[in-house]
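Listing of model32.pdb, PDB, C-alpha atoms
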ATOM      1  CA  MET A 760      30.100  -2.340 -41.838  1.00  0.00           C
ATOM      2  CA  LYS A 761      29.355   0.508 -39.475  1.00  0.00           C
ATOM      3  CA  ILE A 762      29.338  -0.230 -35.732  1.00  0.00           C
ATOM      4  CA  LYS A 763      27.943   1.996 -33.039  1.00  0.00           C
ATOM      5  CA  VAL A 764      30.047   1.888 -29.867  1.00  0.00           C
ATOM      6  CA  GLU A 765      28.204   3.234 -26.816  1.00  0.00           C
ATOM      7  CA  LEU A 766      30.490   5.051 -24.391  1.00  0.00           C
ATOM      8  CA  PHE A 767      30.364   4.690 -20.602  1.00  0.00           C
ATOM      9  CA  GLY A 768      32.410   5.948 -17.673  1.00  0.00           C
ATOM     10  CA  SER A 769      35.856   7.257 -18.528  1.00  0.00           C
ATOM     11  CA  SER A 770      35.387   6.397 -22.226  1.00  0.00           C
ATOM     12  CA  ARG A 771      32.794   9.196 -22.425  1.00  0.00           C
ATOM     13  CA  ASP A 772      35.780  11.539 -22.808  1.00  0.00           C
ATOM     14  CA  PHE A 773      36.420   9.999 -26.252  1.00  0.00           C
ATOM     15  CA  SER A 774      33.637  12.050 -27.832  1.00  0.00           C
ATOM     16  CA  ASP A 775      31.130  14.842 -27.242  1.00  0.00           C
ATOM     17  CA  LYS A 776      28.455  12.347 -28.267  1.00  0.00           C
ATOM     18  CA  ASP A 777      27.487   9.299 -26.199  1.00  0.00           C
ATOM     19  CA  HIS A 778      28.799   6.925 -28.863  1.00  0.00           C
ATOM     20  CA  LEU A 779      31.350   6.408 -31.647  1.00  0.00           C
ATOM     21  CA  GLU A 780      30.551   5.225 -35.135  1.00  0.00           C
ATOM     22  CA  LEU A 781      33.370   3.120 -36.542  1.00  0.00           C
ATOM     23  CA  GLU A 782      33.851   1.193 -39.748  1.00  0.00           C
ATOM     24  CA  VAL A 783      35.002  -2.427 -39.455  1.00  0.00           C
ATOM     25  CA  GLU A 784      35.211  -5.204 -42.011  1.00  0.00           C
ATOM     26  CA  ASP A 785      32.334  -7.668 -42.334  1.00  0.00           C
ATOM     27  CA  LYS A 786      32.885 -10.642 -40.009  1.00  0.00           C
ATOM     28  CA  ALA A 787      35.075  -8.514 -37.754  1.00  0.00           C
ATOM     29  CA  LEU A 788      35.883  -9.808 -34.290  1.00  0.00           C
ATOM     30  CA  MET A 789      35.740  -7.803 -31.102  1.00  0.00           C
ATOM     31  CA  LYS A 790      39.536  -7.472 -31.092  1.00  0.00           C
ATOM     32  CA  ASP A 791      39.300  -5.765 -34.512  1.00  0.00           C
ATOM     33  CA  LEU A 792      36.856  -3.252 -33.069  1.00  0.00           C
ATOM     34  CA  ARG A 793      39.195  -2.646 -30.117  1.00  0.00           C
ATOM     35  CA  ASN A 794      41.974  -1.880 -32.625  1.00  0.00           C
ATOM     36  CA  GLU A 795      39.684   0.464 -34.552  1.00  0.00           C
ATOM     37  CA  ILE A 796      38.950   2.397 -31.356  1.00  0.00           C
ATOM     38  CA  ILE A 797      42.682   2.734 -30.713  1.00  0.00           C
ATOM     39  CA  LYS A 798      43.170   3.967 -34.310  1.00  0.00           C
ATOM     40  CA  TYR A 799      40.376   6.506 -33.747  1.00  0.00           C
ATOM     41  CA  LEU A 800      42.144   7.727 -30.591  1.00  0.00           C
ATOM     42  CA  ASP A 801      45.473   7.933 -32.429  1.00  0.00           C
ATOM     43  CA  LYS A 802      43.847  10.090 -35.067  1.00  0.00           C
ATOM     44  CA  ASN A 803      41.663  12.312 -32.892  1.00  0.00           C
ATOM     45  CA  PHE A 804      43.587  12.519 -29.628  1.00  0.00           C
ATOM     46  CA  LYS A 805      47.187  12.073 -30.819  1.00  0.00           C
ATOM     47  CA  GLY A 806      47.348   8.612 -29.264  1.00  0.00           C
ATOM     48  CA  ASN A 807      46.493   9.888 -25.762  1.00  0.00           C
ATOM     49  CA  ILE A 808      48.129   7.197 -23.610  1.00  0.00           C
ATOM     50  CA  ASN A 809      45.539   7.390 -20.849  1.00  0.00           C
ATOM     51  CA  PHE A 810      42.707   6.897 -23.322  1.00  0.00           C
ATOM     52  CA  ILE A 811      44.459   3.923 -24.925  1.00  0.00           C
ATOM     53  CA  LYS A 812      44.984   2.403 -21.466  1.00  0.00           C
ATOM     54  CA  ILE A 813      41.241   2.695 -20.878  1.00  0.00           C
ATOM     55  CA  VAL A 814      40.502   0.803 -24.104  1.00  0.00           C
ATOM     56  CA  LYS A 815      43.037  -1.916 -23.312  1.00  0.00           C
ATOM     57  CA  SER A 816      41.596  -2.474 -19.825  1.00  0.00           C
ATOM     58  CA  SER A 817      37.954  -2.417 -20.981  1.00  0.00           C
ATOM     59  CA  VAL A 818      35.615  -5.257 -21.783  1.00  0.00           C
ATOM     60  CA  PHE A 819      32.813  -5.071 -24.327  1.00  0.00           C
ATOM     61  CA  CYS A 820      29.118  -5.755 -24.069  1.00  0.00           C
ATOM     62  CA  SER A 821      27.061  -7.123 -26.965  1.00  0.00           C
ATOM     63  CA  GLU A 822      23.660  -5.805 -27.971  1.00  0.00           C
ATOM     64  CA  ASN A 823      21.937  -8.551 -25.969  1.00  0.00           C
ATOM     65  CA  ASN A 824      23.805  -7.515 -22.825  1.00  0.00           C
ATOM     66  CA  ASN A 825      26.478 -10.186 -22.608  1.00  0.00           C
ATOM     67  CA  ILE A 826      30.105  -9.475 -21.799  1.00  0.00           C
ATOM     68  CA  VAL A 827      31.958 -10.877 -24.806  1.00  0.00           C
ATOM     69  CA  SER A 828      35.522 -12.008 -25.478  1.00  0.00           C
ATOM     70  CA  ASP A 829      37.969 -10.597 -28.031  1.00  0.00           C
ATOM     71  CA  ASN A 830      37.041 -13.470 -30.375  1.00  0.00           C
ATOM     72  CA  TYR A 831      33.349 -12.595 -30.413  1.00  0.00           C
ATOM     73  CA  LYS A 832      32.032 -12.197 -33.968  1.00  0.00           C
ATOM     74  CA  ILE A 833      30.274  -8.863 -34.406  1.00  0.00           C
ATOM     75  CA  THR A 834      27.038  -8.986 -36.381  1.00  0.00           C
ATOM     76  CA  LYS A 835      25.969  -6.373 -38.895  1.00  0.00           C
ATOM     77  CA  ASN A 836      24.704  -3.119 -37.344  1.00  0.00           C
ATOM     78  CA  GLU A 837      25.253  -4.494 -33.844  1.00  0.00           C
ATOM     79  CA  LYS A 838      25.359  -1.945 -31.047  1.00  0.00           C
ATOM     80  CA  ILE A 839      28.353  -2.562 -28.785  1.00  0.00           C
ATOM     81  CA  ALA A 840      29.053  -0.953 -25.413  1.00  0.00           C
ATOM     82  CA  ILE A 841      32.536  -0.335 -24.073  1.00  0.00           C
ATOM     83  CA  ILE A 842      32.811  -1.150 -20.362  1.00  0.00           C
ATOM     84  CA  PRO A 843      35.865   0.531 -18.789  1.00  0.00           C
ATOM     85  CA  PRO A 844      37.064  -0.481 -15.304  1.00  0.00           C
ATOM     86  CA  ILE A 845      34.138  -0.107 -12.899  1.00  0.00           C
ATOM     87  CA  GLY A 846      33.705   1.411  -9.457  1.00  0.00           C
ATOM     88  CA  GLY A 847      30.218   2.064  -8.164  1.00  0.00           C
ATOM     89  CA  GLY A 848      28.738   2.045  -4.691  1.00  0.00           C
TER
ATOM     90  CA  MET B 402      12.155 -11.333  -3.249  1.00  0.00           C
ATOM     91  CA  LEU B 403      14.245  -8.791  -5.060  1.00  0.00           C
ATOM     92  CA  HIS B 404      13.678  -5.147  -5.893  1.00  0.00           C
ATOM     93  CA  ALA B 405      16.435  -3.793  -8.176  1.00  0.00           C
ATOM     94  CA  LYS B 406      16.517  -0.394  -9.862  1.00  0.00           C
ATOM     95  CA  VAL B 407      18.767   2.300 -11.271  1.00  0.00           C
ATOM     96  CA  ILE B 408      17.379   5.699 -10.267  1.00  0.00           C
ATOM     97  CA  ASP B 409      17.962   8.756 -12.438  1.00  0.00           C
ATOM     98  CA  ILE B 410      18.596  11.424  -9.818  1.00  0.00           C
ATOM     99  CA  LYS B 411      16.934  14.056 -12.006  1.00  0.00           C
ATOM    100  CA  GLU B 412      13.664  12.187 -11.534  1.00  0.00           C
ATOM    101  CA  LYS B 413      13.842  11.262  -7.849  1.00  0.00           C
ATOM    102  CA  LYS B 414      16.178  10.803  -4.898  1.00  0.00           C
ATOM    103  CA  LEU B 415      16.909   7.525  -3.154  1.00  0.00           C
ATOM    104  CA  THR B 416      15.007   7.172   0.122  1.00  0.00           C
ATOM    105  CA  LEU B 417      15.169   4.608   2.894  1.00  0.00           C
ATOM    106  CA  SER B 418      11.406   4.670   3.435  1.00  0.00           C
ATOM    107  CA  GLU B 419      10.810   2.763   0.175  1.00  0.00           C
ATOM    108  CA  ALA B 420      13.405   0.176   1.179  1.00  0.00           C
ATOM    109  CA  GLU B 421      11.743  -0.249   4.580  1.00  0.00           C
ATOM    110  CA  LYS B 422       8.359  -0.731   2.950  1.00  0.00           C
ATOM    111  CA  PHE B 423       9.747  -3.400   0.616  1.00  0.00           C
ATOM    112  CA  VAL B 424      11.699  -5.562   3.071  1.00  0.00           C
ATOM    113  CA  SER B 425       9.530  -5.356   6.178  1.00  0.00           C
ATOM    114  CA  SER B 426       7.680  -8.601   6.805  1.00  0.00           C
ATOM    115  CA  SER B 427       6.700 -10.736   9.767  1.00  0.00           C
ATOM    116  CA  ASN B 428       8.618 -13.587   8.083  1.00  0.00           C
ATOM    117  CA  PHE B 429      11.908 -11.894   8.936  1.00  0.00           C
ATOM    118  CA  GLY B 430      13.410 -11.019  12.321  1.00  0.00           C
ATOM    119  CA  ALA B 431      16.497  -9.115  11.118  1.00  0.00           C
ATOM    120  CA  SER B 432      16.930  -6.226   8.703  1.00  0.00           C
ATOM    121  CA  ILE B 433      20.074  -4.337   7.682  1.00  0.00           C
ATOM    122  CA  TYR B 434      20.015  -1.038   5.815  1.00  0.00           C
ATOM    123  CA  PHE B 435      23.222  -0.013   4.064  1.00  0.00           C
ATOM    124  CA  THR B 436      23.572   3.347   2.347  1.00  0.00           C
ATOM    125  CA  GLY B 437      26.510   4.726   0.420  1.00  0.00           C
ATOM    126  CA  THR B 438      26.761   8.535   0.406  1.00  0.00           C
ATOM    127  CA  VAL B 439      28.996  11.123  -1.252  1.00  0.00           C
ATOM    128  CA  ARG B 440      31.840  12.151   1.068  1.00  0.00           C
ATOM    129  CA  ASN B 441      33.882  15.336   0.928  1.00  0.00           C
ATOM    130  CA  GLN B 442      37.407  13.899   0.634  1.00  0.00           C
ATOM    131  CA  ASN B 443      39.135  11.383  -1.600  1.00  0.00           C
ATOM    132  CA  ASN B 444      42.879  10.969  -2.194  1.00  0.00           C
ATOM    133  CA  ASN B 445      43.514  14.293  -0.398  1.00  0.00           C
ATOM    134  CA  LYS B 446      41.203  16.157  -2.753  1.00  0.00           C
ATOM    135  CA  ASN B 447      38.192  18.245  -1.703  1.00  0.00           C
ATOM    136  CA  VAL B 448      35.223  16.600  -3.353  1.00  0.00           C
ATOM    137  CA  ILE B 449      32.058  18.662  -3.934  1.00  0.00           C
ATOM    138  CA  GLY B 450      29.995  16.072  -5.822  1.00  0.00           C
ATOM    139  CA  ILE B 451      30.044  12.889  -7.898  1.00  0.00           C
ATOM    140  CA  THR B 452      28.492  12.054 -11.255  1.00  0.00           C
ATOM    141  CA  TYR B 453      27.461   8.404 -11.474  1.00  0.00           C
ATOM    142  CA  ASP B 454      27.241   6.733 -14.874  1.00  0.00           C
ATOM    143  CA  SER B 455      25.533   3.387 -15.425  1.00  0.00           C
ATOM    144  CA  HIS B 456      24.914   0.761 -18.094  1.00  0.00           C
ATOM    145  CA  ASP B 457      21.390   0.248 -16.810  1.00  0.00           C
ATOM    146  CA  GLU B 458      20.583  -3.112 -18.406  1.00  0.00           C
ATOM    147  CA  LEU B 459      23.862  -4.672 -17.301  1.00  0.00           C
ATOM    148  CA  VAL B 460      23.497  -3.198 -13.825  1.00  0.00           C
ATOM    149  CA  LEU B 461      20.093  -4.792 -13.353  1.00  0.00           C
ATOM    150  CA  LYS B 462      21.391  -8.055 -14.770  1.00  0.00           C
ATOM    151  CA  SER B 463      24.283  -8.032 -12.291  1.00  0.00           C
ATOM    152  CA  PHE B 464      21.968  -7.249  -9.335  1.00  0.00           C
ATOM    153  CA  LYS B 465      19.834 -10.280 -10.259  1.00  0.00           C
ATOM    154  CA  GLU B 466      22.920 -12.471 -10.650  1.00  0.00           C
ATOM    155  CA  ILE B 467      24.278 -11.384  -7.273  1.00  0.00           C
ATOM    156  CA  TYR B 468      20.910 -12.106  -5.659  1.00  0.00           C
ATOM    157  CA  ASN B 469      20.776 -15.586  -7.235  1.00  0.00           C
ATOM    158  CA  GLU B 470      24.410 -16.340  -6.364  1.00  0.00           C
ATOM    159  CA  ALA B 471      23.600 -15.559  -2.739  1.00  0.00           C
ATOM    160  CA  ASP B 472      21.171 -18.502  -2.853  1.00  0.00           C
ATOM    161  CA  GLU B 473      23.887 -20.878  -3.970  1.00  0.00           C
ATOM    162  CA  LYS B 474      26.916 -19.524  -2.127  1.00  0.00           C
ATOM    163  CA  LEU B 475      25.435 -18.338   1.159  1.00  0.00           C
ATOM    164  CA  LYS B 476      22.508 -20.771   1.312  1.00  0.00           C
ATOM    165  CA  ILE B 477      20.179 -18.007   2.429  1.00  0.00           C
ATOM    166  CA  LYS B 478      16.931 -18.941   0.715  1.00  0.00           C
ATOM    167  CA  ASP B 479      14.426 -16.895   2.696  1.00  0.00           C
ATOM    168  CA  LYS B 480      15.270 -13.258   2.176  1.00  0.00           C
ATOM    169  CA  SER B 481      14.067  -9.938   0.896  1.00  0.00           C
ATOM    170  CA  VAL B 482      16.540  -7.699  -0.894  1.00  0.00           C
ATOM    171  CA  PHE B 483      16.153  -4.099  -2.047  1.00  0.00           C
ATOM    172  CA  ILE B 484      18.926  -2.575  -4.173  1.00  0.00           C
ATOM    173  CA  GLU B 485      18.802   0.875  -5.741  1.00  0.00           C
ATOM    174  CA  HIS B 486      21.730   2.768  -7.267  1.00  0.00           C
ATOM    175  CA  ALA B 487      21.647   6.400  -8.342  1.00  0.00           C
ATOM    176  CA  LYS B 488      22.850   7.779 -11.657  1.00  0.00           C
ATOM    177  CA  GLY B 489      23.540  11.431 -12.441  1.00  0.00           C
ATOM    178  CA  TYR B 490      25.060  14.222 -10.325  1.00  0.00           C
ATOM    179  CA  LEU B 491      24.946  13.847  -6.535  1.00  0.00           C
ATOM    180  CA  ASN B 492      25.915  16.476  -3.970  1.00  0.00           C
ATOM    181  CA  LEU B 493      27.768  15.730  -0.747  1.00  0.00           C
ATOM    182  CA  GLU B 494      25.853  13.498   1.690  1.00  0.00           C
ATOM    183  CA  GLU B 495      23.331  12.406  -0.924  1.00  0.00           C
ATOM    184  CA  ILE B 496      22.641   8.671  -1.150  1.00  0.00           C
ATOM    185  CA  SER B 497      24.213   6.852  -4.093  1.00  0.00           C
ATOM    186  CA  ILE B 498      23.187   3.319  -3.129  1.00  0.00           C
ATOM    187  CA  ILE B 499      20.737   1.589  -0.812  1.00  0.00           C
ATOM    188  CA  ILE B 500      21.023  -2.100  -0.010  1.00  0.00           C
ATOM    189  CA  ALA B 501      18.323  -3.298   2.357  1.00  0.00           C
ATOM    190  CA  VAL B 502      18.141  -6.947   3.334  1.00  0.00           C
ATOM    191  CA  ALA B 503      15.766  -8.840   5.573  1.00  0.00           C
ATOM    192  CA  CYS B 504      16.377 -12.406   6.738  1.00  0.00           C
ATOM    193  CA  LYS B 505      15.146 -14.698   9.487  1.00  0.00           C
ATOM    194  CA  HIS B 506      18.213 -14.160  11.688  1.00  0.00           C
ATOM    195  CA  ARG B 507      20.820 -11.406  12.185  1.00  0.00           C
ATOM    196  CA  ASP B 508      23.847 -13.531  11.173  1.00  0.00           C
ATOM    197  CA  GLN B 509      22.343 -14.099   7.733  1.00  0.00           C
ATOM    198  CA  ALA B 510      21.374 -10.438   7.322  1.00  0.00           C
ATOM    199  CA  TYR B 511      24.870  -9.130   8.132  1.00  0.00           C
ATOM    200  CA  VAL B 512      26.547 -11.662   5.825  1.00  0.00           C
ATOM    201  CA  LEU B 513      24.126 -11.032   2.958  1.00  0.00           C
ATOM    202  CA  SER B 514      24.373  -7.232   3.145  1.00  0.00           C
ATOM    203  CA  ARG B 515      28.177  -7.330   3.064  1.00  0.00           C
ATOM    204  CA  TYR B 516      28.191  -9.913   0.292  1.00  0.00           C
ATOM    205  CA  ILE B 517      25.964  -7.779  -1.944  1.00  0.00           C
ATOM    206  CA  ILE B 518      27.997  -4.561  -1.679  1.00  0.00           C
ATOM    207  CA  GLU B 519      31.310  -6.362  -2.224  1.00  0.00           C
ATOM    208  CA  GLU B 520      29.962  -8.161  -5.304  1.00  0.00           C
ATOM    209  CA  ILE B 521      28.555  -4.907  -6.697  1.00  0.00           C
ATOM    210  CA  LYS B 522      32.028  -3.372  -6.407  1.00  0.00           C
ATOM    211  CA  LYS B 523      33.429  -6.250  -8.511  1.00  0.00           C
ATOM    212  CA  LYS B 524      30.661  -6.899 -11.022  1.00  0.00           C
ATOM    213  CA  THR B 525      28.336  -3.969 -11.550  1.00  0.00           C
ATOM    214  CA  PRO B 526      29.076  -1.515 -14.392  1.00  0.00           C
ATOM    215  CA  ILE B 527      28.766   1.807 -12.599  1.00  0.00           C
ATOM    216  CA  TRP B 528      31.325   4.601 -12.824  1.00  0.00           C
ATOM    217  CA  LYS B 529      32.113   7.661 -10.734  1.00  0.00           C
ATOM    218  CA  LYS B 530      33.343  11.037 -11.882  1.00  0.00           C
ATOM    219  CA  GLU B 531      34.450  13.138  -8.932  1.00  0.00           C
ATOM    220  CA  HIS B 532      34.104  16.924  -8.993  1.00  0.00           C
ATOM    221  CA  TYR B 533      36.509  18.991  -6.893  1.00  0.00           C
ATOM    222  CA  ALA B 534      36.485  22.370  -5.166  1.00  0.00           C
ATOM    223  CA  ASP B 535      39.082  23.686  -7.666  1.00  0.00           C
ATOM    224  CA  ASN B 536      36.624  23.114 -10.566  1.00  0.00           C
ATOM    225  CA  GLN B 537      38.521  20.058 -11.816  1.00  0.00           C
ATOM    226  CA  SER B 538      36.859  16.697 -12.286  1.00  0.00           C
ATOM    227  CA  GLU B 539      38.121  13.171 -12.840  1.00  0.00           C
ATOM    228  CA  TRP B 540      36.778   9.695 -13.605  1.00  0.00           C
ATOM    229  CA  LEU B 541      37.952   7.319 -10.883  1.00  0.00           C
ATOM    230  CA  LYS B 542      40.195   4.533 -12.133  1.00  0.00           C
ATOM    231  CA  GLY B 543      38.104   1.566 -10.970  1.00  0.00           C
ATOM    232  CA  ASN B 544      38.739  -2.141 -11.473  1.00  0.00           C
ATOM    233  CA  PRO B 545      38.412  -4.159 -14.676  1.00  0.00           C
ATOM    234  CA  LEU B 546      35.066  -5.930 -14.768  1.00  0.00           C
ATOM    235  CA  ILE B 547      35.290  -9.528 -13.589  1.00  0.00           C
ATOM    236  CA  ASN B 548      32.759 -11.470 -15.572  1.00  0.00           C
ATOM    237  CA  GLU B 549      32.414 -14.608 -17.585  1.00  0.00           C
ATOM    238  CA  LYS B 550      32.862 -13.842 -21.272  1.00  0.00           C
ATOM    239  CA  ILE B 551      30.978 -15.418 -24.145  1.00  0.00           C
TER
END
Transcribe the structure of this file into structure tokens.
Amino acid sequence: MKIKVELFGSSRDFSDKDHLELEVEDKALMKDLRNEIIKYLDKNFKGNINFIKIVKSSVFCSENNNIVSDNYKITKNEKIAIIPPIGGG
Amino acid sequence: MLHAKVIDIKEKKLTLSEAEKFVSSSNFGASIYFTGTVRNQNNNKNVIGITYDSHDELVLKSFKEIYNEADEKLKIKDKSVFIEHAKGYLNLEEISIIIAVACKHRDQAYVLSRYIIEEIKKKTPIWKKEHYADNQSEWLKGNPLINEKI
């Protein structure tokens, strides 16, 4: 299934668009999506270490605005947001 | 009472007058106005502006949670709180955040104001990209979001 990953903060450098569209297996967990993002970065940014660090230190937000764990089951066509380390104010 | 908003800087600037209007009440004897502004130096670099990015829905959710937690943790029931955070490009000295609080007494107002900004730093998904005098720019590293996961 195709998943739209909305980009925020430092992850916006992953694409010229404001999101990524990635293919994951049906019944994929959030950790599978995290791995898919890393694969995407390997392919498109030659495994840019700084980008991969961002993904590893990020949390993810489900479509209904909950921060979810790596074992969260992604539903079909769900829109997921990547939340890199924060720093407002 | 809580007023919480993310303001797109292309539409309007943050102003203290709106905060004053919201929190002023004869029920409260103490008000604190905190503003965060863009400063010209960070890590020995000459900053000329900052772009703020925001996950708006999560930001508003976190503002409400922080407000409600203040009830439980600080036991300050009677209060008025105004929180606005900017998103988009801000020049030096422009206001990125306003936190206005009004309480019955000054001790409560000082504690509440400090509590809110410190919790925002830990829990609110907002990001800063600094722009420098040498035309470079950089997302600031930040801290991993501390939040209960489902």
Run the PyMOL selection byres ((chain A and resi 767) around 7) against the file shown and list the residues it catches, as a PyMOL selection string. (chain A and resi 765-766+768-771+841-842) or (chain B and resi 454)
Neighbours of region 413-416 of chain B within 9 Å (only C-alpha atoms; same-chain residues fewer than 3 positions away dropped), as a PyMOL selection string? chain B and resi 408-410+419-420+485-487+495-499
Counting only C-alpha atoms, what is within 8 Å of region 811-819 of chain A, bar same-chain residues fewer than 3 positions away, as an NGL selection string? (:A and (769-770 or 789 or 793 or 796-797 or 800 or 806-808 or 826-828 or 839-844)) or (:B and (545-546))
Pick from A:Lys761, A:Lys832, A:Lys790, A:Lys802, whichever lies nearest to chain B using all atoms listed in the file: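 Nearest candidate to chain B out of A:Lys761, A:Lys832, A:Lys790, A:Lys802: A:Lys832.
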If you count all atoms listed in the file, which residues fall within 9 Å of Ile500 (chain B), apart from same-chain ones fewer than 6 positions away, as a ChimeraX atom specification? /B:420,433-437,482-486,514,517-518
Distance criterion (all atoms listed in the file): nearest to chain A out of B:Glu421, B:Glu412, B:Glu458, B:Glu466: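 The shortest atom-to-atom distance to chain A comes from B:Glu458.
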Report the residues retrieved by the PyMOL selection byres ((chain B) within 8 of (chain A)) from the displayed file, expressed as a ChimeraX atom specification. /B:437,453-456,458-459,486,497-498,518,521-530,540-546,548-551
Check what the PyMOL selection byres ((chain A and resi 784) around 10) selects in the file above and give those residues as a list in words.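 Here the PyMOL selection byres ((chain A and resi 784) around 10) matches Met760, Lys761, Ile762, Glu782, Val783, Asp785, Lys786, Ala787, Leu788, Asp791, Leu792, Ile833 and Lys835 of chain A.
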Can you tell me which residues surround Tyr468 (chain B) at a distance of at most 12 Å, considering only C-alpha atoms, apart from same-chain residues fewer than 5 positions away, and format the answer as a list in words? Met402, Leu403, His404, Ala405, Leu461, Lys462, Ser463, Glu473, Lys474, Leu475, Lys476, Ile477, Lys478, Asp479, Lys480, Ser481, Val482, Phe483, Ile484, Ile500, Val502, Leu513, Ser514, Tyr516, Ile517, Ile518, Glu520 and Ile521 of chain B
Report, in Å to a single decimal, how far apart CA of His532 (chain B) and CA of Ser418 (chain B) are. 28.6 Å
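One distance worth recording is that between CA of Leu491 (chain B) and CA of Ile451 (chain B), which is 5.4 Å.
Note that CA of Asn469 (chain B) and CA of Ala431 (chain B) are 19.9 Å apart.
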Counting all atoms listed in the file, which of B:Glu539, B:Glu519, B:Ala501, B:Glu494 gets nearest to Phe423 (chain B)?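 That would be B:Ala501, the residue with the smallest distance to Phe423 (chain B).
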